[in-house]
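Content type compact mmCIF, C-alpha atoms and all ligand atoms, from the file final10.txt:
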# COMPACT_ATOMS: atom_id res chain seq x y z
CA MET I 1 51.27 125.93 -86.48
CA SER I 2 47.95 125.09 -87.96
CA ASN I 3 45.07 123.10 -86.61
CA GLY I 4 46.28 120.26 -88.77
CA LYS I 5 49.20 119.67 -86.42
CA SER I 6 47.03 119.48 -83.36
CA ILE I 7 46.82 116.12 -81.62
CA ASP I 8 43.70 117.12 -79.71
CA GLN I 9 41.17 114.29 -79.59
CA GLN I 10 38.05 116.28 -78.64
CA ILE I 11 37.66 118.61 -81.59
CA LYS I 12 37.68 115.67 -84.00
CA HIS I 13 34.26 114.62 -82.74
CA GLN I 14 32.49 117.99 -82.95
CA GLN I 15 29.13 118.22 -84.69
CA THR I 16 29.07 120.98 -87.27
CA ILE I 17 25.45 122.07 -86.75
CA ILE I 18 25.25 124.00 -83.50
CA ARG I 19 22.25 123.46 -81.23
CA PHE I 20 21.52 124.76 -77.75
CA CYS I 21 19.76 122.87 -75.00
CA LYS I 22 16.12 123.97 -74.59
CA LYS I 23 16.43 124.07 -70.80
CA CYS I 24 19.92 125.40 -70.07
CA VAL I 25 22.51 127.30 -72.15
CA VAL I 26 24.95 124.56 -73.10
CA SER I 27 25.39 123.63 -76.77
CA ASN I 28 26.00 120.33 -78.47
CA GLN I 29 29.64 121.38 -78.94
CA ARG I 30 30.43 120.35 -75.39
CA PRO I 31 32.41 117.09 -75.55
CA ARG I 32 30.37 113.95 -74.84
CA ILE I 33 27.05 115.76 -74.18
CA ILE I 34 23.93 114.17 -75.69
CA PHE I 35 20.65 115.88 -76.67
CA ASP I 36 17.37 113.95 -76.53
CA GLU I 37 14.49 114.18 -78.99
CA ASP I 38 13.05 117.14 -77.05
CA GLY I 39 16.28 119.07 -77.49
CA VAL I 40 17.24 118.77 -73.81
CA CYS I 41 20.81 117.95 -72.83
CA SER I 42 21.81 114.92 -70.82
CA ALA I 43 23.19 117.07 -67.97
CA CYS I 44 19.74 118.71 -67.55
CA ARG I 45 18.12 115.27 -67.52
CA TYR I 46 20.55 114.15 -64.83
CA ALA I 47 19.72 117.27 -62.79
CA GLU I 48 16.03 116.35 -62.99
CA GLU I 49 16.83 112.92 -61.62
CA LYS I 50 18.82 114.48 -58.80
CA ASN I 51 15.71 116.42 -57.82
CA SER I 52 13.15 113.67 -58.25
CA SER I 53 13.93 110.00 -58.59
CA ILE I 54 17.19 109.61 -56.66
CA ASP I 55 16.68 108.38 -53.10
CA TRP I 56 19.24 110.52 -51.26
CA ALA I 57 18.54 108.93 -47.88
CA LEU I 58 19.42 105.55 -49.37
CA ARG I 59 22.58 106.96 -50.95
CA LYS I 60 23.63 108.44 -47.62
CA SER I 61 23.17 105.08 -45.90
CA LYS I 62 25.38 103.52 -48.58
CA LEU I 63 28.10 106.04 -47.73
CA GLU I 64 27.74 105.23 -44.04
CA ALA I 65 28.15 101.53 -44.81
CA LEU I 66 31.21 102.20 -46.99
CA CYS I 67 32.84 104.34 -44.29
CA ASP I 68 32.02 101.76 -41.62
CA LYS I 69 33.79 99.15 -43.69
CA TYR I 70 36.96 101.15 -44.31
CA ARG I 71 37.22 103.37 -41.21
CA ARG I 72 40.43 102.69 -39.27
CA SER I 73 41.02 102.95 -35.56
CA ASP I 74 44.73 102.11 -35.53
CA GLY I 75 46.05 105.61 -36.10
CA ARG I 76 46.41 105.32 -39.87
CA TYR I 77 44.71 107.45 -42.49
CA ASP I 78 41.72 105.73 -44.07
CA ILE I 79 40.74 108.07 -46.90
CA ILE I 80 42.41 110.42 -49.36
CA VAL I 81 40.72 113.63 -50.46
CA PRO I 82 42.44 115.60 -53.22
CA CYS I 83 41.89 119.20 -52.13
CA SER I 84 43.37 122.56 -53.05
CA GLY I 85 41.36 124.46 -50.44
CA GLY I 86 38.63 125.25 -52.97
CA LYS I 87 35.00 125.20 -51.92
CA ASP I 88 34.10 121.76 -53.25
CA ALA I 89 36.87 119.51 -52.03
CA SER I 90 37.06 121.39 -48.70
CA TYR I 91 33.44 120.48 -48.21
CA VAL I 92 34.14 116.83 -49.10
CA ALA I 93 37.08 116.54 -46.70
CA HIS I 94 35.32 118.32 -43.84
CA LEU I 95 32.10 116.35 -44.21
CA LEU I 96 33.87 112.98 -44.32
CA LYS I 97 35.94 113.87 -41.29
CA THR I 98 33.27 115.38 -39.08
CA GLU I 99 30.04 113.64 -40.13
CA TYR I 100 31.42 110.25 -41.06
CA GLY I 101 34.29 109.99 -38.59
CA MET I 102 36.93 109.32 -41.24
CA HIS I 103 40.65 110.14 -40.95
CA PRO I 104 41.46 111.94 -44.19
CA LEU I 105 44.84 112.63 -45.66
CA THR I 106 44.30 115.54 -48.04
CA ILE I 107 46.62 115.91 -51.00
CA THR I 108 47.17 118.81 -53.36
CA TRP I 109 48.63 118.87 -56.83
CA ALA I 110 50.02 122.40 -56.96
CA PRO I 111 48.63 125.03 -59.31
CA PHE I 112 50.98 126.34 -62.01
CA ILE I 113 51.17 129.70 -60.23
CA TYR I 114 49.12 130.32 -57.09
CA THR I 115 46.85 133.33 -56.99
CA ASP I 116 46.90 135.21 -53.67
CA ILE I 117 43.36 134.09 -52.90
CA GLY I 118 44.20 130.50 -53.90
CA ARG I 119 47.14 130.33 -51.51
CA GLN I 120 45.08 132.01 -48.79
CA ASN I 121 42.31 129.43 -49.17
CA TYR I 122 44.82 126.58 -49.17
CA ASP I 123 46.37 127.86 -45.92
CA ALA I 124 42.95 128.47 -44.35
CA PHE I 125 41.90 124.93 -45.19
CA ILE I 126 44.94 123.39 -43.48
CA ASN I 127 44.55 125.77 -40.56
CA SER I 128 41.03 124.46 -40.11
CA GLY I 129 42.52 121.11 -39.10
CA PHE I 130 43.72 118.93 -41.97
CA SER I 131 46.88 117.01 -42.79
CA ASN I 132 48.04 117.71 -46.31
CA LEU I 133 50.66 116.70 -48.84
CA LEU I 134 51.43 119.38 -51.43
CA CYS I 135 53.11 118.07 -54.55
CA HIS I 136 55.05 120.28 -56.94
CA PRO I 137 56.25 118.55 -60.09
CA ASN I 138 59.63 119.35 -61.67
CA LYS I 139 58.99 122.92 -62.76
CA ILE I 140 61.31 122.91 -65.77
CA LEU I 141 59.40 119.98 -67.17
CA HIS I 142 56.02 121.30 -66.02
CA ARG I 143 56.45 124.61 -67.84
CA LYS I 144 57.58 122.92 -71.00
CA LEU I 145 54.72 120.46 -70.86
CA ALA I 146 52.34 123.40 -70.51
CA ARG I 147 53.96 125.10 -73.50
CA THR I 148 53.73 121.88 -75.51
CA ALA I 149 50.13 121.22 -74.50
CA PHE I 150 49.12 124.74 -75.47
CA GLU I 151 50.28 124.05 -79.01
CA ALA I 152 49.47 120.34 -79.24
CA VAL I 153 45.99 120.29 -77.72
CA GLY I 154 45.10 123.97 -77.40
CA ASP I 155 45.17 123.87 -73.62
CA ALA I 156 48.22 124.66 -71.48
CA TRP I 157 46.26 123.36 -68.50
CA GLN I 158 46.56 119.70 -69.54
CA PRO I 159 49.64 118.80 -67.40
CA PHE I 160 47.75 120.04 -64.34
CA THR I 161 44.83 117.75 -65.18
CA TYR I 162 47.15 114.75 -65.43
CA GLY I 163 48.54 115.25 -61.94
CA GLN I 164 45.22 116.17 -60.43
CA THR I 165 43.81 112.90 -61.71
CA SER I 166 46.71 110.55 -61.00
CA TYR I 167 48.71 111.80 -58.03
CA ALA I 168 46.16 110.68 -55.42
CA PHE I 169 46.35 107.05 -56.50
CA HIS I 170 50.12 106.90 -56.23
CA ILE I 171 49.80 108.08 -52.65
CA ALA I 172 46.93 105.67 -51.99
CA LEU I 173 49.08 102.77 -53.16
CA GLY I 174 52.20 103.93 -51.38
CA MET I 175 50.40 104.43 -48.06
CA ASP I 176 47.86 101.64 -48.44
CA ILE I 177 44.85 103.94 -48.13
CA LYS I 178 41.86 102.23 -49.75
CA LEU I 179 39.42 105.07 -50.43
CA VAL I 180 39.99 108.11 -52.61
CA PHE I 181 37.14 110.62 -52.67
CA PHE I 182 36.64 113.23 -55.35
CA GLY I 183 33.77 115.74 -55.42
CA GLU I 184 31.31 115.53 -58.28
CA ASN I 185 31.05 113.08 -61.12
CA GLY I 186 31.90 115.56 -63.85
CA GLU I 187 30.72 113.18 -66.56
CA ALA I 188 27.21 113.03 -65.07
CA GLU I 189 27.00 116.63 -63.82
CA TYR I 190 28.25 118.36 -66.95
CA SER I 191 27.95 115.92 -69.82
CA GLY I 192 25.33 113.59 -68.43
CA ALA I 193 27.09 110.54 -69.85
CA SER I 194 24.33 108.12 -69.02
CA LYS I 195 26.33 105.04 -68.20
CA THR I 196 28.33 106.83 -65.50
CA LYS I 197 25.26 108.20 -63.69
CA GLU I 198 24.65 105.11 -61.61
CA TRP I 199 28.28 104.68 -60.64
CA PRO I 200 29.38 105.63 -57.11
CA GLY I 201 32.84 106.11 -58.50
CA MET I 202 34.98 105.54 -61.53
CA PRO I 203 35.64 101.87 -62.38
CA TRP I 204 39.34 101.38 -63.10
CA ASP I 205 38.90 100.03 -66.60
CA TYR I 206 36.77 103.00 -67.66
CA TRP I 207 39.17 105.41 -65.99
CA SER I 208 42.16 103.94 -67.71
CA GLU I 209 40.34 103.79 -71.06
CA GLN I 210 39.46 107.50 -70.74
CA TYR I 211 43.05 108.37 -69.92
CA PHE I 212 44.68 106.33 -72.65
CA LYS I 213 42.07 107.23 -75.27
CA GLY I 214 43.03 110.90 -74.98
CA VAL I 215 46.45 112.48 -75.26
CA THR I 216 48.64 110.98 -72.53
CA VAL I 217 51.63 112.65 -70.92
CA HIS I 218 53.89 110.39 -72.96
CA ASP I 219 52.18 111.58 -76.17
CA LEU I 220 52.81 115.16 -75.08
CA VAL I 221 56.45 114.49 -74.26
CA ARG I 222 56.94 112.86 -77.67
CA TYR I 223 55.33 115.85 -79.40
CA GLY I 224 57.49 118.25 -77.36
CA LEU I 225 60.71 116.36 -78.13
CA ASP I 226 59.83 116.19 -81.84
CA LYS I 227 59.27 119.93 -82.02
CA ASP I 228 62.21 120.87 -79.78
CA LEU I 229 59.85 122.31 -77.20
CA ILE I 230 61.24 119.88 -74.62
CA SER I 231 64.78 118.57 -74.37
CA VAL I 232 65.85 115.22 -72.93
CA LYS I 233 68.05 117.22 -70.54
CA ASP I 234 64.95 118.84 -68.99
CA PHE I 235 63.75 115.82 -67.09
CA ASP I 236 64.25 112.28 -65.95
CA GLU I 237 61.73 109.53 -66.75
CA SER I 238 60.90 109.39 -63.02
CA ASP I 239 59.66 113.00 -63.18
CA LEU I 240 56.72 111.73 -65.23
CA THR I 241 55.48 109.40 -62.48
CA PHE I 242 52.64 111.50 -61.08
CA TYR I 243 51.36 112.56 -64.51
CA ALA I 244 50.22 109.04 -65.39
CA PRO I 245 47.98 106.59 -63.53
CA PRO I 246 49.61 103.81 -61.55
CA ASN I 247 49.21 100.24 -62.77
CA ILE I 248 45.46 99.55 -62.82
CA GLU I 249 45.88 95.86 -62.02
CA VAL I 250 47.78 96.72 -58.85
CA LEU I 251 45.06 99.21 -57.84
CA LYS I 252 42.45 96.48 -58.27
CA GLU I 253 44.48 93.87 -56.43
CA ARG I 254 44.99 96.19 -53.49
CA ASP I 255 41.29 97.18 -53.37
CA ILE I 256 41.97 100.89 -53.88
CA GLN I 257 38.65 102.61 -54.76
CA PHE I 258 37.67 105.82 -56.50
CA HIS I 259 34.42 107.44 -55.27
CA TRP I 260 32.52 110.66 -55.90
CA LEU I 261 30.85 112.34 -52.96
CA GLY I 262 28.32 113.68 -55.47
CA TYR I 263 26.91 110.16 -55.81
CA TYR I 264 26.08 109.99 -52.09
CA HIS I 265 25.13 113.62 -51.35
CA LYS I 266 23.29 115.88 -53.77
CA TRP I 267 25.92 118.07 -55.38
CA LEU I 268 25.09 121.79 -55.11
CA PRO I 269 28.10 124.10 -55.70
CA GLN I 270 26.40 127.06 -54.04
CA GLU I 271 25.77 125.03 -50.89
CA ASN I 272 29.39 123.83 -50.93
CA TYR I 273 30.42 127.46 -50.96
CA TYR I 274 28.36 128.32 -47.88
CA TYR I 275 29.58 125.17 -46.13
CA SER I 276 33.29 125.75 -46.78
CA ALA I 277 33.05 129.47 -45.97
CA LYS I 278 31.63 128.50 -42.59
CA ASN I 279 33.84 125.50 -41.80
CA THR I 280 37.20 125.75 -43.57
CA GLY I 281 37.73 129.50 -43.95
CA PHE I 282 37.07 129.57 -47.69
CA CYS I 283 36.85 133.06 -49.22
CA ALA I 284 35.38 133.99 -52.60
CA ASN I 285 37.26 135.95 -55.27
CA PRO I 286 38.07 139.41 -53.82
CA ASP I 287 37.75 140.86 -57.35
CA GLY I 288 34.02 140.21 -57.09
CA ARG I 289 33.96 137.73 -59.97
CA SER I 290 36.35 135.69 -62.12
CA GLU I 291 37.20 136.84 -65.64
CA GLY I 292 34.98 135.21 -68.25
CA THR I 293 32.09 134.67 -65.88
CA TYR I 294 29.90 136.27 -63.23
CA SER I 295 30.63 133.79 -60.45
CA LYS I 296 33.07 134.45 -57.64
CA TYR I 297 33.75 131.13 -55.98
CA ALA I 298 34.91 128.53 -58.50
CA SER I 299 38.41 127.72 -59.74
CA LEU I 300 40.30 130.55 -58.04
CA ASP I 301 43.67 128.97 -57.30
CA ASP I 302 45.71 129.37 -60.41
CA ARG I 303 46.81 132.39 -62.42
CA LEU I 304 46.69 130.26 -65.56
CA ASP I 305 43.20 128.84 -65.29
CA GLY I 306 41.47 131.70 -67.12
CA PHE I 307 43.26 130.51 -70.26
CA HIS I 308 41.94 126.99 -69.88
CA TYR I 309 38.39 128.37 -70.04
CA TYR I 310 39.24 130.87 -72.73
CA LEU I 311 40.69 128.23 -75.06
CA ALA I 312 37.65 126.03 -74.44
CA TYR I 313 35.57 129.01 -75.53
CA LEU I 314 37.54 129.25 -78.78
CA LYS I 315 37.27 125.51 -79.45
CA PHE I 316 33.63 124.99 -78.54
CA GLY I 317 32.08 128.48 -78.66
CA ILE I 318 30.97 128.13 -75.05
CA GLY I 319 33.00 129.37 -72.10
CA ARG I 320 33.08 129.72 -68.38
CA ALA I 321 29.88 131.76 -68.00
CA THR I 322 28.03 129.12 -70.05
CA SER I 323 29.15 126.37 -67.66
CA ASP I 324 28.29 128.37 -64.58
CA ALA I 325 24.91 129.50 -65.92
CA ALA I 326 24.00 126.00 -67.14
CA HIS I 327 24.66 124.57 -63.69
CA GLU I 328 22.73 127.33 -61.91
CA ILE I 329 19.74 126.94 -64.24
CA ARG I 330 19.71 123.21 -63.51
CA ASP I 331 19.90 123.88 -59.78
CA GLY I 332 16.97 126.32 -60.07
CA HIS I 333 18.96 129.41 -59.02
CA ILE I 334 18.43 131.38 -62.23
CA THR I 335 16.11 131.18 -65.27
CA ARG I 336 17.24 130.30 -68.80
CA GLU I 337 16.62 133.93 -69.89
CA GLU I 338 18.85 135.21 -67.09
CA GLY I 339 21.43 132.63 -68.06
CA ILE I 340 21.45 133.79 -71.69
CA ALA I 341 21.91 137.41 -70.59
CA LEU I 342 24.88 136.38 -68.39
CA VAL I 343 26.43 134.38 -71.22
CA LYS I 344 26.06 137.34 -73.58
CA LYS I 345 27.70 139.64 -71.06
CA PHE I 346 30.58 137.50 -69.76
CA ASP I 347 31.30 134.43 -71.87
CA GLY I 348 34.60 134.62 -73.68
CA GLU I 349 35.84 137.70 -71.84
CA PHE I 350 39.61 137.63 -72.31
CA PRO I 351 41.53 136.81 -69.08
CA LYS I 352 43.79 139.85 -69.28
CA LYS I 353 44.72 140.07 -65.61
CA TYR I 354 47.40 137.38 -65.83
CA PHE I 355 48.12 137.48 -69.56
CA ASN I 356 51.74 138.59 -69.15
CA GLU I 357 52.36 135.89 -66.58
CA PHE I 358 50.86 133.31 -68.91
CA LEU I 359 53.15 134.42 -71.75
CA ASP I 360 56.19 134.41 -69.42
CA TYR I 361 55.34 131.00 -68.02
CA LEU I 362 55.13 129.50 -71.50
CA SER I 363 57.99 131.64 -72.88
CA ILE I 364 55.94 132.71 -75.89
CA SER I 365 55.22 136.09 -77.45
CA GLU I 366 51.79 137.64 -77.69
CA GLU I 367 51.90 137.02 -81.42
CA GLN I 368 52.63 133.33 -80.93
CA PHE I 369 49.81 133.16 -78.41
CA TRP I 370 47.25 134.46 -80.90
CA HIS I 371 48.64 132.38 -83.72
CA ILE I 372 48.15 129.18 -81.74
CA ALA I 373 44.91 130.24 -80.02
CA ASN I 374 43.20 131.31 -83.26
CA SER I 375 44.20 128.07 -84.96
CA TYR I 376 41.82 126.35 -82.55
CA ARG I 377 38.71 128.27 -83.71
CA PRO I 378 36.66 125.86 -85.86
CA SER I 379 35.15 127.40 -88.97
CA HIS I 380 31.62 126.19 -88.16
CA ILE I 381 31.73 128.21 -84.91
CA TRP I 382 33.69 131.35 -85.84
CA THR I 383 33.73 133.87 -88.62
CA ASN I 384 36.56 136.33 -89.23
CA ASN I 385 35.78 139.76 -90.64
CA GLU I 386 39.01 141.65 -91.28
CA GLY I 387 40.60 140.34 -88.10
CA ASN I 388 37.46 140.49 -85.95
CA TRP I 389 36.34 137.11 -84.75
CA THR I 390 32.65 136.65 -84.04
CA LEU I 391 30.51 133.65 -83.14
CA LYS I 392 28.37 132.46 -86.03
CA HIS I 393 25.60 131.12 -83.79
CA PRO I 394 25.59 132.72 -80.34
CA ILE I 395 22.83 131.64 -78.01
CA TRP I 396 21.36 135.15 -77.75
CA ASN I 397 20.66 135.18 -81.50
CA GLU I 398 18.79 131.93 -81.09
CA ALA I 399 16.67 133.63 -78.40
CA GLU I 400 15.99 136.63 -80.67
CA GLN I 401 14.94 134.28 -83.45
CA LEU I 402 12.54 132.56 -81.08
CA ILE I 403 11.06 135.89 -79.99
CA ASP I 404 10.68 136.99 -83.64
CA ALA I 405 8.93 133.72 -84.45
ZN ZN E 1 20.66 121.45 -70.69
Now that the file is in, can you turn its structure into structure tokens?
Ligand SMILES: [Zn+2]
Amino acid sequence: MSNGKSIDQQIKHQQTIIRFCKKCVVSNQRPRIIFDEDGVCSACRYAEEKNSSIDWALRKSKLEALCDKYRRSDGRYDIIVPCSGGKDASYVAHLLKTEYGMHPLTITWAPFIYTDIGRQNYDAFINSGFSNLLCHPNKILHRKLARTAFEAVGDAWQPFTYGQTSYAFHIALGMDIKLVFFGENGEAEYSGASKTKEWPGMPWDYWSEQYFKGVTVHDLVRYGLDKDLISVKDFDESDLTFYAPPNIEVLKERDIQFHWLGYYHKWLPQENYYYSAKNTGFCANPDGRSEGTYSKYASLDDRLDGFHYYLAYLKFGIGRATSDAAHEIRDGHITREEGIALVKKFDGEFPKKYFNEFLDYLSISEEQFWHIANSYRPSHIWTNNEGNWTLKHPIWNEAEQLIDA
């Protein structure tokens, strides 16, 4: 299993000269990020706009108008909020219900394996007064898709992403609910993709293009069948339904819409945390922080998620602490120097707590794990000295060079 067999679409587009943003800690290895002539990343530029030129009062009035148009008074749900009980979506659902008078149906695409705190937060969220549909896909298929994705795209997490993206729209169609609200526009917040910044939500054509341009669930299934990682006996075609988007033309015809709350209200993860702790019983990680970072309140639900961040670290040389620090620098909570120190201390920490469960879930040995994982380390990012992998260009070296100069 070499990198040559990977069908991952992201690593093909990596630049081989590594540069770090002058304002935050992200590097140009992050997919779709753009650096301007001053060496500042597009996500930092978007954060500046959030704090200066965007008229938030106007945006809020747009949300009021949208809700006024679609709010129902006939006893039916009028909005879908995909929510696992995490801090961000809990905030979205609660705000739309209490401040905007909407009647949300919340839906959850189940984690691979709940953590105790993830399940506790999910229960607390429902107990705070929300209707919820929890969807578990066929677990024989789901495990094998995760196993296949780990090898094929270097990320076992991929089948979760498919369902998290698509499931809501199947329910919206089936129940004729016109609005689906997600939290932040990840493209603008993290990559700063400029054309998406002005969008209140994802246009269907762009959404579908993004989905079909990458590795689809059908590509994964084909790969798995070819390599005997999946058998035709493991699933029925219908089991794939929620992993793929519904027909885009039907979504358009029926006026189903995809919105981001982050377009209408300034998106501040730390504020979402305080809000959901107060209103929906959200609790932070009882371990004090998540492995691979210093933060305690993001992405807590799934025992497998540490490996999603860890593999991203191998592929791009930047991990979970880099993402968290970059966002907090942009929000003005920490300085760039503090961010670099946090990255040096936590980025790429191996998620050992659930390693055995990860291996069991995928039915692979530790040796197979490292064989596949290491095949995803690009040579312009990593160097191997007698079995010890080190980053060729870590951000803290860049800082030392600057100090020396
Ligand atoms: Zn930046």
query: How far is it from atom CA of I:Arg377 to atom CA of I:Leu314, in Å with one decimal?
result: 5.2 Å
- request: For I:Gly154, please output as a ChimeraX atom specification all residues within 9 Å (counting only C-alpha atoms; exclusion window: fewer than 4 positions along the same chain).
  value: /I:6,8,149-150,308,311-312,315,372-373,375-376
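The contact shell of ligand ZN 1 (chain E), defined as all polymer residues within 10 Å when all atoms listed in the file are used, comprises Phe20, Cys21, Lys22, Lys23, Cys24, Val25, Val26, Ser27, Asn28, Ile33, Ile34, Phe35, Gly39, Val40, Cys41, Ser42, Ala43, Cys44, Arg45, Tyr46, Ala47, Tyr190, Ser191, Gly192, Ala326, His327, Ile329, Arg330 and Arg336 of chain I.
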Shell around I:Pro245 at 8 Å using all atoms listed in the file, local window under 6 positions removed, as a PDB file with C-alpha atoms, in the frame of the given file:
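Dumped everything to part-v7.pdb:
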ATOM      1  CA  THR I 165      43.810 112.900 -61.710  1.00  0.00           C
ATOM      2  CA  SER I 166      46.710 110.550 -61.000  1.00  0.00           C
ATOM      3  CA  TYR I 167      48.710 111.800 -58.030  1.00  0.00           C
ATOM      4  CA  PHE I 169      46.350 107.050 -56.500  1.00  0.00           C
ATOM      5  CA  HIS I 170      50.120 106.900 -56.230  1.00  0.00           C
ATOM      6  CA  SER I 208      42.160 103.940 -67.710  1.00  0.00           C
TER       7      SER I 208
END
- request: Compile the contact shell of stretch 155-163 of chain I as a PyMOL selection string: residues with an atom at most 8 Å away, counting only C-alpha atoms, same-chain residues fewer than 5 positions apart removed.
  value: chain I and resi 109+111-112+142+145-150+217+242-244+304-305+307-308+311-312
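Every protein, DNA or RNA residue with an atom at most 8 Å from stretch 279-287 of chain I, where all atoms listed in the file count and chain neighbours fewer than 2 positions away do not, is listed here: Gly85, Gly86, Lys87, Ser90, Tyr91, His94, Ile117, Asn121, Ala124, Phe125, Asn127, Ser128, Tyr273, Tyr275, Ser276, Ala277, Arg289, Ser290, Lys296, Tyr297 and Leu300 of chain I.
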Who sits within 7 Å of I:Leu179, only C-alpha atoms, same chain under 5 positions skipped, as a tab-separated table (two decimals) with C-alpha atoms, keeping the file's coordinate frame:
chain	number	residue	atom	x	y	z
I	78	ASP	CA	41.72	105.73	-44.07
I	79	ILE	CA	40.74	108.07	-46.90
I	80	ILE	CA	42.41	110.42	-49.36
I	256	ILE	CA	41.97	100.89	-53.88
I	257	GLN	CA	38.65	102.61	-54.76
I	258	PHE	CA	37.67	105.82	-56.50
message: Given all atoms listed in the file as the basis, pick out the residue of I:Ala168, I:Leu141, I:Asp255, I:Ala57 nearest to I:Gly224.
response: I:Leu141
query: Interatomic distance between atom CA of I:Arg143 and atom CA of I:Leu359?
result: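 Atom CA of I:Arg143 sits 11.1 Å away from atom CA of I:Leu359.
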- request: Figure out the distance between atom CA of I:Leu96 and atom CA of I:Pro246, please, to one decimal in Å.
  value: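 Atom-to-atom, atom CA of I:Pro246 and atom CA of I:Leu96 are spaced 25.1 Å apart.
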message: Using all atoms listed in the file, can you tell me which of I:Val92, I:Met202, I:Ala188, I:Val215 comes closest to I:Ile7?
response: I:Val215
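For the choices I:Tyr223, I:Tyr100, I:Trp396, I:Tyr361, the atom-to-atom distance to I:Val153 is smallest for I:Tyr223 when using only C-alpha atoms.
Using only C-alpha atoms, the smallest distance between any of I:Glu337, I:Glu99, I:Glu357, I:Glu49 and I:Tyr263 comes from I:Glu49.
Distances to I:Asn132 were evaluated for I:Thr383, I:Asn388, I:Thr106, I:Asn356 using all atoms listed in the file, and the minimum falls at I:Thr106.
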task: Check the smallest atom-to-atom distance from each of I:Ile18, I:Asn138, I:Lys178, I:Ala172 to I:Arg72 using only C-alpha atoms, then report the winner.
output: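 Closest candidate: I:Lys178.
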Start from the incomplete input, build all heavy atoms for stretch 182-186 of chain I, and deliver everything as an mmCIF file, keeping the file's coordinate frame.
data_model
loop_
_atom_site.group_PDB
_atom_site.id
_atom_site.type_symbol
_atom_site.label_atom_id
_atom_site.label_comp_id
_atom_site.auth_asym_id
_atom_site.auth_seq_id
_atom_site.Cartn_x
_atom_site.Cartn_y
_atom_site.Cartn_z
ATOM 1 N N PHE I 182 36.718 111.982 -54.602
ATOM 2 C CA PHE I 182 36.640 113.230 -55.350
ATOM 3 C C PHE I 182 35.264 113.858 -55.092
ATOM 4 O O PHE I 182 34.420 113.257 -54.414
ATOM 5 C CB PHE I 182 36.851 112.978 -56.843
ATOM 6 C CG PHE I 182 38.291 112.690 -57.208
ATOM 7 C CD1 PHE I 182 38.826 111.413 -57.094
ATOM 8 C CD2 PHE I 182 39.121 113.717 -57.643
ATOM 9 C CE1 PHE I 182 40.156 111.163 -57.428
ATOM 10 C CE2 PHE I 182 40.450 113.476 -57.976
ATOM 11 C CZ PHE I 182 40.962 112.193 -57.867
ATOM 12 N N GLY I 183 35.037 115.046 -55.657
ATOM 13 C CA GLY I 183 33.770 115.740 -55.420
ATOM 14 C C GLY I 183 32.654 115.233 -56.304
ATOM 15 O O GLY I 183 32.043 114.198 -56.031
ATOM 16 N N GLU I 184 32.434 115.911 -57.426
ATOM 17 C CA GLU I 184 31.310 115.530 -58.280
ATOM 18 C C GLU I 184 31.768 114.622 -59.405
ATOM 19 O O GLU I 184 32.926 114.659 -59.810
ATOM 20 C CB GLU I 184 30.615 116.773 -58.846
ATOM 21 C CG GLU I 184 31.308 117.443 -60.033
ATOM 22 C CD GLU I 184 32.338 118.480 -59.626
ATOM 23 O OE1 GLU I 184 33.196 118.205 -58.756
ATOM 24 O OE2 GLU I 184 32.295 119.583 -60.215
ATOM 25 N N ASN I 185 30.830 113.860 -59.903
ATOM 26 C CA ASN I 185 31.050 113.080 -61.120
ATOM 27 C C ASN I 185 30.854 114.032 -62.290
ATOM 28 O O ASN I 185 29.742 114.312 -62.702
ATOM 29 C CB ASN I 185 30.033 111.936 -61.160
ATOM 30 C CG ASN I 185 30.055 111.169 -62.467
ATOM 31 O OD1 ASN I 185 30.794 111.522 -63.386
ATOM 32 N ND2 ASN I 185 29.256 110.123 -62.540
ATOM 33 N N GLY I 186 31.970 114.553 -62.793
ATOM 34 C CA GLY I 186 31.900 115.560 -63.850
ATOM 35 C C GLY I 186 31.192 115.047 -65.094
ATOM 36 O O GLY I 186 30.496 115.781 -65.778
#
